[in-house]
>>> print(open('protein_17.cif').read())   # mmCIF, C-alpha atoms
data_data
#
loop_
_atom_site.group_PDB
_atom_site.id
_atom_site.type_symbol
_atom_site.label_atom_id
_atom_site.label_comp_id
_atom_site.auth_asym_id
_atom_site.auth_seq_id
_atom_site.Cartn_x
_atom_site.Cartn_y
_atom_site.Cartn_z
ATOM 1 C CA ALA O 420 58.443 -69.694 -105.863
ATOM 2 C CA GLN O 421 58.426 -72.765 -103.719
ATOM 3 C CA SER O 422 61.564 -74.423 -102.455
ATOM 4 C CA VAL O 423 62.368 -77.407 -100.272
ATOM 5 C CA THR O 424 65.390 -77.756 -98.014
ATOM 6 C CA GLN O 425 66.641 -81.037 -96.687
ATOM 7 C CA LEU O 426 69.471 -80.024 -94.420
ATOM 8 C CA ASP O 427 70.986 -83.465 -93.958
ATOM 9 C CA SER O 428 72.477 -85.074 -97.021
ATOM 10 C CA GLN O 429 73.207 -88.272 -95.113
ATOM 11 C CA VAL O 430 71.960 -89.712 -91.832
ATOM 12 C CA PRO O 431 73.717 -92.754 -90.387
ATOM 13 C CA VAL O 432 71.815 -94.674 -87.732
ATOM 14 C CA PHE O 433 71.950 -98.054 -86.041
ATOM 15 C CA GLU O 434 69.237 -100.618 -86.525
ATOM 16 C CA GLU O 435 66.269 -100.285 -84.135
ATOM 17 C CA ALA O 436 67.204 -96.689 -83.290
ATOM 18 C CA PRO O 437 64.764 -93.833 -83.951
ATOM 19 C CA VAL O 438 65.364 -91.447 -86.833
ATOM 20 C CA GLU O 439 64.182 -88.036 -87.948
ATOM 21 C CA LEU O 440 64.780 -86.683 -91.433
ATOM 22 C CA ARG O 441 64.294 -82.950 -91.646
ATOM 23 C CA CYS O 442 62.440 -81.023 -94.316
ATOM 24 C CA ASN O 443 61.671 -77.331 -94.483
ATOM 25 C CA TYR O 444 59.797 -75.608 -97.258
ATOM 26 C CA SER O 445 59.123 -72.080 -98.346
ATOM 27 C CA SER O 446 55.895 -71.016 -99.928
ATOM 28 C CA SER O 447 53.595 -68.026 -99.687
ATOM 29 C CA VAL O 448 50.510 -70.116 -100.313
ATOM 30 C CA SER O 449 49.035 -73.312 -99.008
ATOM 31 C CA VAL O 450 50.881 -76.409 -100.065
ATOM 32 C CA TYR O 451 50.614 -80.131 -100.224
ATOM 33 C CA LEU O 452 53.603 -82.019 -98.845
ATOM 34 C CA PHE O 453 55.013 -85.412 -99.692
ATOM 35 C CA TRP O 454 57.750 -87.793 -98.722
ATOM 36 C CA TYR O 455 59.044 -90.253 -101.310
ATOM 37 C CA VAL O 456 61.564 -93.049 -100.881
ATOM 38 C CA GLN O 457 63.963 -94.239 -103.564
ATOM 39 C CA TYR O 458 65.658 -97.589 -103.167
ATOM 40 C CA PRO O 459 68.845 -98.165 -105.190
ATOM 41 C CA ASN O 460 68.206 -98.226 -108.930
ATOM 42 C CA GLN O 461 64.477 -97.953 -108.475
ATOM 43 C CA GLY O 462 61.840 -95.299 -108.958
ATOM 44 C CA LEU O 463 60.225 -93.199 -106.295
ATOM 45 C CA GLN O 464 57.631 -94.678 -103.997
ATOM 46 C CA LEU O 465 55.222 -92.514 -102.033
ATOM 47 C CA LEU O 466 55.707 -92.850 -98.271
ATOM 48 C CA LEU O 467 53.087 -90.386 -97.105
ATOM 49 C CA LYS O 468 51.382 -87.121 -97.945
ATOM 50 C CA TYR O 469 49.852 -84.142 -96.195
ATOM 51 C CA LEU O 470 46.894 -82.549 -97.961
ATOM 52 C CA SER O 471 44.824 -81.100 -95.105
ATOM 53 C CA GLY O 472 43.397 -82.032 -91.732
ATOM 54 C CA SER O 473 45.439 -83.693 -89.018
ATOM 55 C CA THR O 474 48.994 -82.443 -88.949
ATOM 56 C CA LEU O 475 50.336 -85.869 -88.028
ATOM 57 C CA VAL O 476 50.390 -88.086 -91.063
ATOM 58 C CA LYS O 477 51.051 -91.793 -90.985
ATOM 59 C CA GLY O 478 52.527 -93.566 -93.968
ATOM 60 C CA ILE O 479 53.775 -96.927 -95.046
ATOM 61 C CA ASN O 480 56.545 -98.958 -93.421
ATOM 62 C CA GLY O 481 55.985 -97.360 -90.020
ATOM 63 C CA PHE O 482 56.937 -93.837 -91.069
ATOM 64 C CA GLU O 483 55.097 -90.714 -89.997
ATOM 65 C CA ALA O 484 55.526 -86.998 -90.514
ATOM 66 C CA GLU O 485 54.257 -83.870 -88.810
ATOM 67 C CA PHE O 486 53.225 -80.752 -90.658
ATOM 68 C CA ASN O 487 54.178 -77.612 -88.767
ATOM 69 C CA LYS O 488 52.860 -74.551 -90.525
ATOM 70 C CA SER O 489 54.476 -72.002 -88.224
ATOM 71 C CA GLN O 490 57.886 -73.548 -88.717
ATOM 72 C CA THR O 491 57.216 -74.497 -92.350
ATOM 73 C CA SER O 492 58.499 -77.972 -91.642
ATOM 74 C CA PHE O 493 57.457 -81.496 -92.505
ATOM 75 C CA HIS O 494 59.934 -83.775 -90.728
ATOM 76 C CA LEU O 495 59.829 -87.527 -91.275
ATOM 77 C CA ARG O 496 60.182 -89.900 -88.327
ATOM 78 C CA LYS O 497 60.348 -93.556 -87.561
ATOM 79 C CA PRO O 498 60.645 -94.883 -83.995
ATOM 80 C CA SER O 499 62.716 -97.944 -84.916
ATOM 81 C CA VAL O 500 64.500 -98.392 -88.228
ATOM 82 C CA HIS O 501 65.414 -101.570 -90.060
ATOM 83 C CA ILE O 502 68.311 -102.360 -92.348
ATOM 84 C CA SER O 503 65.807 -102.417 -95.203
ATOM 85 C CA ASP O 504 65.038 -98.728 -94.619
ATOM 86 C CA THR O 505 68.400 -97.829 -96.135
ATOM 87 C CA ALA O 506 67.458 -95.627 -99.080
ATOM 88 C CA GLU O 507 67.246 -92.056 -100.327
ATOM 89 C CA TYR O 508 64.353 -90.016 -98.979
ATOM 90 C CA PHE O 509 62.942 -87.014 -100.797
ATOM 91 C CA CYS O 510 60.651 -84.345 -99.452
ATOM 92 C CA ALA O 511 58.474 -82.555 -102.013
ATOM 93 C CA VAL O 512 55.974 -79.718 -102.092
ATOM 94 C CA ARG O 513 53.132 -78.934 -104.461
ATOM 95 C CA VAL O 514 51.163 -75.726 -104.605
ATOM 96 C CA ASN O 515 47.497 -76.574 -104.300
ATOM 97 C CA THR O 516 46.493 -74.210 -107.068
ATOM 98 C CA GLY O 517 48.596 -75.970 -109.626
ATOM 99 C CA PHE O 518 48.765 -79.353 -111.249
ATOM 100 C CA GLN O 519 51.039 -82.122 -110.126
ATOM 101 C CA LYS O 520 54.197 -80.102 -110.442
ATOM 102 C CA LEU O 521 56.331 -81.091 -107.499
ATOM 103 C CA VAL O 522 59.376 -79.308 -106.168
ATOM 104 C CA PHE O 523 61.784 -81.763 -104.593
ATOM 105 C CA GLY O 524 64.480 -81.374 -101.992
ATOM 106 C CA THR O 525 67.958 -82.685 -102.696
ATOM 107 C CA GLY O 526 67.333 -85.839 -100.703
ATOM 108 C CA THR O 527 68.622 -87.442 -97.515
ATOM 109 C CA ARG O 528 70.434 -90.739 -97.646
ATOM 110 C CA LEU O 529 69.465 -92.897 -94.675
ATOM 111 C CA LEU O 530 72.147 -95.461 -93.853
ATOM 112 C CA VAL O 531 71.063 -98.106 -91.370
ATOM 113 C CA SER O 532 73.782 -100.338 -89.983
ATOM 114 C CA PRO O 533 73.555 -103.377 -87.681
ATOM 115 C CA ASN U 1354 47.604 -103.441 -113.330
ATOM 116 C CA ALA U 1355 51.096 -102.577 -114.453
ATOM 117 C CA GLY U 1356 52.595 -99.405 -113.090
ATOM 118 C CA VAL U 1357 54.341 -96.712 -115.057
ATOM 119 C CA MET U 1358 56.600 -98.440 -117.563
ATOM 120 C CA GLN U 1359 59.756 -96.777 -118.782
ATOM 121 C CA ASN U 1360 62.215 -98.016 -121.333
ATOM 122 C CA PRO U 1361 64.985 -98.366 -121.862
ATOM 123 C CA ARG U 1362 66.106 -98.625 -118.248
ATOM 124 C CA HIS U 1363 69.669 -97.837 -119.247
ATOM 125 C CA LEU U 1364 70.835 -96.038 -122.341
ATOM 126 C CA VAL U 1365 74.371 -95.193 -123.403
ATOM 127 C CA ARG U 1366 74.954 -92.602 -126.072
ATOM 128 C CA ARG U 1367 77.997 -90.845 -127.479
ATOM 129 C CA ARG U 1368 78.098 -87.078 -127.655
ATOM 130 C CA GLY U 1369 76.098 -85.807 -130.585
ATOM 131 C CA GLN U 1370 73.751 -88.778 -130.805
ATOM 132 C CA GLU U 1371 70.052 -88.749 -130.088
ATOM 133 C CA ALA U 1372 68.361 -90.293 -127.061
ATOM 134 C CA ARG U 1373 64.717 -91.367 -127.005
ATOM 135 C CA LEU U 1374 63.097 -92.321 -123.731
ATOM 136 C CA ARG U 1375 59.661 -93.879 -123.615
ATOM 137 C CA CYS U 1376 57.015 -93.873 -120.943
ATOM 138 C CA SER U 1377 53.737 -95.753 -120.793
ATOM 139 C CA PRO U 1378 51.521 -94.370 -118.026
ATOM 140 C CA MET U 1379 49.459 -96.477 -115.689
ATOM 141 C CA LYS U 1380 46.270 -97.842 -117.163
ATOM 142 C CA GLY U 1381 43.610 -95.170 -116.979
ATOM 143 C CA HIS U 1382 46.101 -92.330 -116.526
ATOM 144 C CA SER U 1383 46.237 -89.666 -119.205
ATOM 145 C CA HIS U 1384 48.515 -87.120 -117.537
ATOM 146 C CA VAL U 1385 52.249 -87.622 -117.888
ATOM 147 C CA TYR U 1386 55.099 -85.783 -116.223
ATOM 148 C CA TRP U 1387 58.824 -85.994 -116.887
ATOM 149 C CA TYR U 1388 61.398 -85.252 -114.203
ATOM 150 C CA ARG U 1389 65.178 -85.280 -114.385
ATOM 151 C CA GLN U 1390 67.508 -86.298 -111.594
ATOM 152 C CA LEU U 1391 71.082 -85.164 -112.005
ATOM 153 C CA PRO U 1392 73.750 -86.955 -109.960
ATOM 154 C CA GLU U 1393 73.543 -86.117 -106.251
ATOM 155 C CA GLU U 1394 70.502 -83.898 -106.768
ATOM 156 C CA GLY U 1395 66.763 -84.092 -106.308
ATOM 157 C CA LEU U 1396 64.283 -84.482 -109.111
ATOM 158 C CA LYS U 1397 63.471 -81.441 -111.198
ATOM 159 C CA PHE U 1398 60.288 -80.982 -113.174
ATOM 160 C CA MET U 1399 60.700 -80.864 -116.926
ATOM 161 C CA VAL U 1400 57.347 -81.114 -118.668
ATOM 162 C CA TYR U 1401 53.681 -81.980 -118.154
ATOM 163 C CA LEU U 1402 51.659 -83.481 -120.984
ATOM 164 C CA GLN U 1403 48.183 -84.708 -121.632
ATOM 165 C CA LYS U 1404 47.209 -86.683 -124.699
ATOM 166 C CA GLU U 1405 48.396 -84.687 -127.744
ATOM 167 C CA ASN U 1406 48.990 -81.569 -125.652
ATOM 168 C CA ILE U 1407 51.943 -80.042 -123.864
ATOM 169 C CA ILE U 1408 50.494 -78.299 -120.828
ATOM 170 C CA ASP U 1409 53.634 -76.968 -119.147
ATOM 171 C CA GLU U 1410 57.183 -77.242 -120.430
ATOM 172 C CA SER U 1411 58.701 -74.626 -118.177
ATOM 173 C CA GLY U 1412 61.365 -77.051 -116.942
ATOM 174 C CA MET U 1413 62.569 -78.157 -120.339
ATOM 175 C CA PRO U 1414 65.898 -76.879 -121.617
ATOM 176 C CA LYS U 1415 65.237 -74.489 -124.479
ATOM 177 C CA GLU U 1416 67.239 -76.417 -127.014
ATOM 178 C CA ARG U 1417 67.658 -80.084 -127.994
ATOM 179 C CA PHE U 1418 64.881 -81.375 -125.707
ATOM 180 C CA SER U 1419 61.359 -82.191 -126.801
ATOM 181 C CA ALA U 1420 58.484 -84.276 -125.501
ATOM 182 C CA GLU U 1421 55.308 -85.673 -126.930
ATOM 183 C CA PHE U 1422 52.368 -87.774 -125.809
ATOM 184 C CA PRO U 1423 50.508 -88.926 -128.910
ATOM 185 C CA LYS U 1424 46.941 -90.139 -129.026
ATOM 186 C CA GLU U 1425 48.199 -93.683 -129.338
ATOM 187 C CA GLY U 1426 51.370 -95.035 -127.817
ATOM 188 C CA PRO U 1427 53.759 -93.980 -125.101
ATOM 189 C CA SER U 1428 55.068 -90.563 -124.220
ATOM 190 C CA ILE U 1429 58.493 -89.856 -125.703
ATOM 191 C CA LEU U 1430 61.222 -87.628 -124.300
ATOM 192 C CA ARG U 1431 63.693 -86.855 -127.052
ATOM 193 C CA ILE U 1432 67.140 -85.388 -126.559
ATOM 194 C CA GLN U 1433 69.011 -84.412 -129.688
ATOM 195 C CA GLN U 1434 72.791 -84.039 -129.952
ATOM 196 C CA VAL U 1435 73.368 -85.224 -126.406
ATOM 197 C CA VAL U 1436 76.165 -83.789 -124.299
ATOM 198 C CA ARG U 1437 77.814 -85.157 -121.161
ATOM 199 C CA GLY U 1438 75.717 -82.859 -118.997
ATOM 200 C CA ASP U 1439 72.590 -84.713 -120.139
ATOM 201 C CA SER U 1440 73.727 -87.792 -118.204
ATOM 202 C CA ALA U 1441 71.023 -88.278 -115.613
ATOM 203 C CA ALA U 1442 68.095 -90.392 -114.553
ATOM 204 C CA TYR U 1443 64.886 -89.406 -116.301
ATOM 205 C CA PHE U 1444 61.714 -90.295 -114.451
ATOM 206 C CA CYS U 1445 58.238 -90.402 -115.839
ATOM 207 C CA ALA U 1446 55.169 -90.131 -113.635
ATOM 208 C CA SER U 1447 51.469 -90.313 -114.374
ATOM 209 C CA SER U 1448 48.188 -89.324 -112.763
ATOM 210 C CA PRO U 1449 44.507 -89.899 -113.561
ATOM 211 C CA PRO U 1450 42.505 -87.612 -115.870
ATOM 212 C CA GLY U 1451 40.120 -84.927 -114.801
ATOM 213 C CA GLN U 1452 41.631 -84.325 -111.390
ATOM 214 C CA GLY U 1453 44.981 -82.900 -112.289
ATOM 215 C CA HIS U 1454 44.493 -80.026 -109.931
ATOM 216 C CA SER U 1455 43.289 -82.093 -107.043
ATOM 217 C CA GLY U 1456 45.632 -82.622 -104.195
ATOM 218 C CA ALA U 1457 44.048 -85.966 -103.574
ATOM 219 C CA ASN U 1458 45.842 -87.390 -106.561
ATOM 220 C CA VAL U 1459 49.471 -88.243 -106.333
ATOM 221 C CA LEU U 1460 51.965 -89.074 -108.987
ATOM 222 C CA THR U 1461 52.952 -92.656 -109.676
ATOM 223 C CA PHE U 1462 56.562 -92.823 -110.776
ATOM 224 C CA GLY U 1463 58.266 -95.236 -113.088
ATOM 225 C CA ALA U 1464 61.624 -96.824 -112.326
ATOM 226 C CA GLY U 1465 63.442 -94.313 -114.499
ATOM 227 C CA SER U 1466 65.693 -94.345 -117.527
ATOM 228 C CA ARG U 1467 69.349 -93.777 -116.830
ATOM 229 C CA LEU U 1468 71.131 -92.002 -119.635
ATOM 230 C CA THR U 1469 74.904 -92.066 -119.817
ATOM 231 C CA VAL U 1470 76.626 -89.879 -122.384
ATOM 232 C CA LEU U 1471 80.179 -90.886 -123.201
#
>>> encode(input="protein_17.cif", output="structure tokens")
Amino acid sequence: AQSVTQLDSQVPVFEEAPVELRCNYSSSVSVYLFWYVQYPNQGLQLLLKYLSGSTLVKGINGFEAEFNKSQTSFHLRKPSVHISDTAEYFCAVRVNTGFQKLVFGTGTRLLVSP
Amino acid sequence: NAGVMQNPRHLVRRRGQEARLRCSPMKGHSHVYWYRQLPEEGLKFMVYLQKENIIDESGMPKERFSAEFPKEGPSILRIQQVVRGDSAAYFCASSPPGQGHSGANVLTFGAGSRLTVL
């Protein structure tokens, strides 16, 4: 069975500083990987996805993530955060032989302060 | 093109009552998924439906929960005799038909329905 681990429940950072949100997954088969963002009282919005090809994936709002198969990681990065990036970030995995059944991590709350 | 529409956005029920949550998928989408987010946790898959068919309900609690996606109208998630532990945010997501197994498709999520059981 697949599982997703987001080690950091909360990451405080100052505005314009870089940030990395960590995500590790476990799966015995090939997977698709996703990062979603959830702003307060809103639904989930897709930030970026890894399906195949280049291991460096660029998403919206200046975020990017790198798929590392040997380390089974898919960490999310942004070189300079804004106050508006304050939100909950979820990493998710989907087995490519299945339908759109995602397994989510427990989320990382990014807190950006001035 | 409206996104995934969920209603009600907030629902308060007393223990023992029934809760009905509705989800209208994006236009052109015929695959619907329900996920539940308990407080301080990630989303957990509940059920996957296509029109008039339940494809996978492996994440649904065995009792009191049911889901449907009729030929006409929205998908309904029904919780009978609610208990405090049912308090959560319930998210619906949809995807296009015919490519459910394709990784190229991603789920579009609604804003969620937040159920509070008193």
>>> resolve_selection(input="protein_17.cif", expression="the PyMOL selection byres ((chain U) within 12 of (chain O))", output="number ranges by chain")
U: 1356-1359, 1362-1363, 1384-1403, 1408-1412, 1442-1467
>>> residues_around(input="protein_17.cif", residues="Thr474 of chain O", least_positions_apart="6", cutoff="10 Å", atoms="all atoms listed in the file", output="list of chain:residue names")
O:Ala484, O:Glu485, O:Phe486, O:Asn487, O:Lys488, O:Phe493
>>> resolve_selection(input="protein_17.cif", expression="the PyMOL selection byres ((chain O and resi 494) around 7)", output="PyMOL selection string")
chain O and resi 439-442+484-485+492-493+495-496
>>> closest_residue(input="protein_17.cif", among="O:Ala420, O:Leu426, O:Val432, O:Leu475", to="Ser532 of chain O", atoms="only C-alpha atoms")
O:Val432
>>> residues_around(input="protein_17.cif", residues="Leu1430 of chain U", least_positions_apart="5", cutoff="7 Å", atoms="all atoms listed in the file", output="list in words")
Arg1373, Leu1374, Arg1375, Ser1419, Ala1420 and Glu1421 of chain U
>>> closest_residue(input="protein_17.cif", among="U:Leu1468, U:Cys1376, U:Val1435, U:Leu1364", to="Pro1423 of chain U", atoms="all atoms listed in the file")
U:Cys1376
>>> decode(input="protein_17.cif", residues="segment 460-483 of chain O", atoms="C-alpha atoms", output="mmCIF file, in the first residue's frame")
data_model
loop_
_atom_site.group_PDB
_atom_site.id
_atom_site.type_symbol
_atom_site.label_atom_id
_atom_site.label_comp_id
_atom_site.auth_asym_id
_atom_site.auth_seq_id
_atom_site.Cartn_x
_atom_site.Cartn_y
_atom_site.Cartn_z
ATOM 1 C CA ASN O 460 -11.818 27.587 4.254
ATOM 2 C CA GLN O 461 -11.246 26.738 0.630
ATOM 3 C CA GLY O 462 -10.853 23.599 -1.425
ATOM 4 C CA LEU O 463 -7.651 22.133 -2.731
ATOM 5 C CA GLN O 464 -5.879 23.700 -5.665
ATOM 6 C CA LEU O 465 -3.311 21.806 -7.704
ATOM 7 C CA LEU O 466 0.159 23.356 -7.467
ATOM 8 C CA LEU O 467 2.063 20.899 -9.619
ATOM 9 C CA LYS O 468 2.291 17.265 -10.627
ATOM 10 C CA TYR O 469 4.893 14.718 -11.639
ATOM 11 C CA LEU O 470 3.744 12.116 -14.152
ATOM 12 C CA SER O 471 6.937 11.226 -16.037
ATOM 13 C CA GLY O 472 9.882 12.839 -17.771
ATOM 14 C CA SER O 473 11.925 15.613 -16.213
ATOM 15 C CA THR O 474 12.323 15.166 -12.493
ATOM 16 C CA LEU O 475 12.127 18.904 -11.875
ATOM 17 C CA VAL O 476 8.559 20.059 -12.105
ATOM 18 C CA LYS O 477 7.485 23.669 -12.170
ATOM 19 C CA GLY O 478 4.081 24.706 -10.923
ATOM 20 C CA ILE O 479 2.005 27.757 -10.292
ATOM 21 C CA ASN O 480 2.888 30.689 -8.041
ATOM 22 C CA GLY O 481 6.623 30.122 -8.443
ATOM 23 C CA PHE O 482 6.691 26.705 -6.787
ATOM 24 C CA GLU O 483 8.697 23.758 -8.043
#
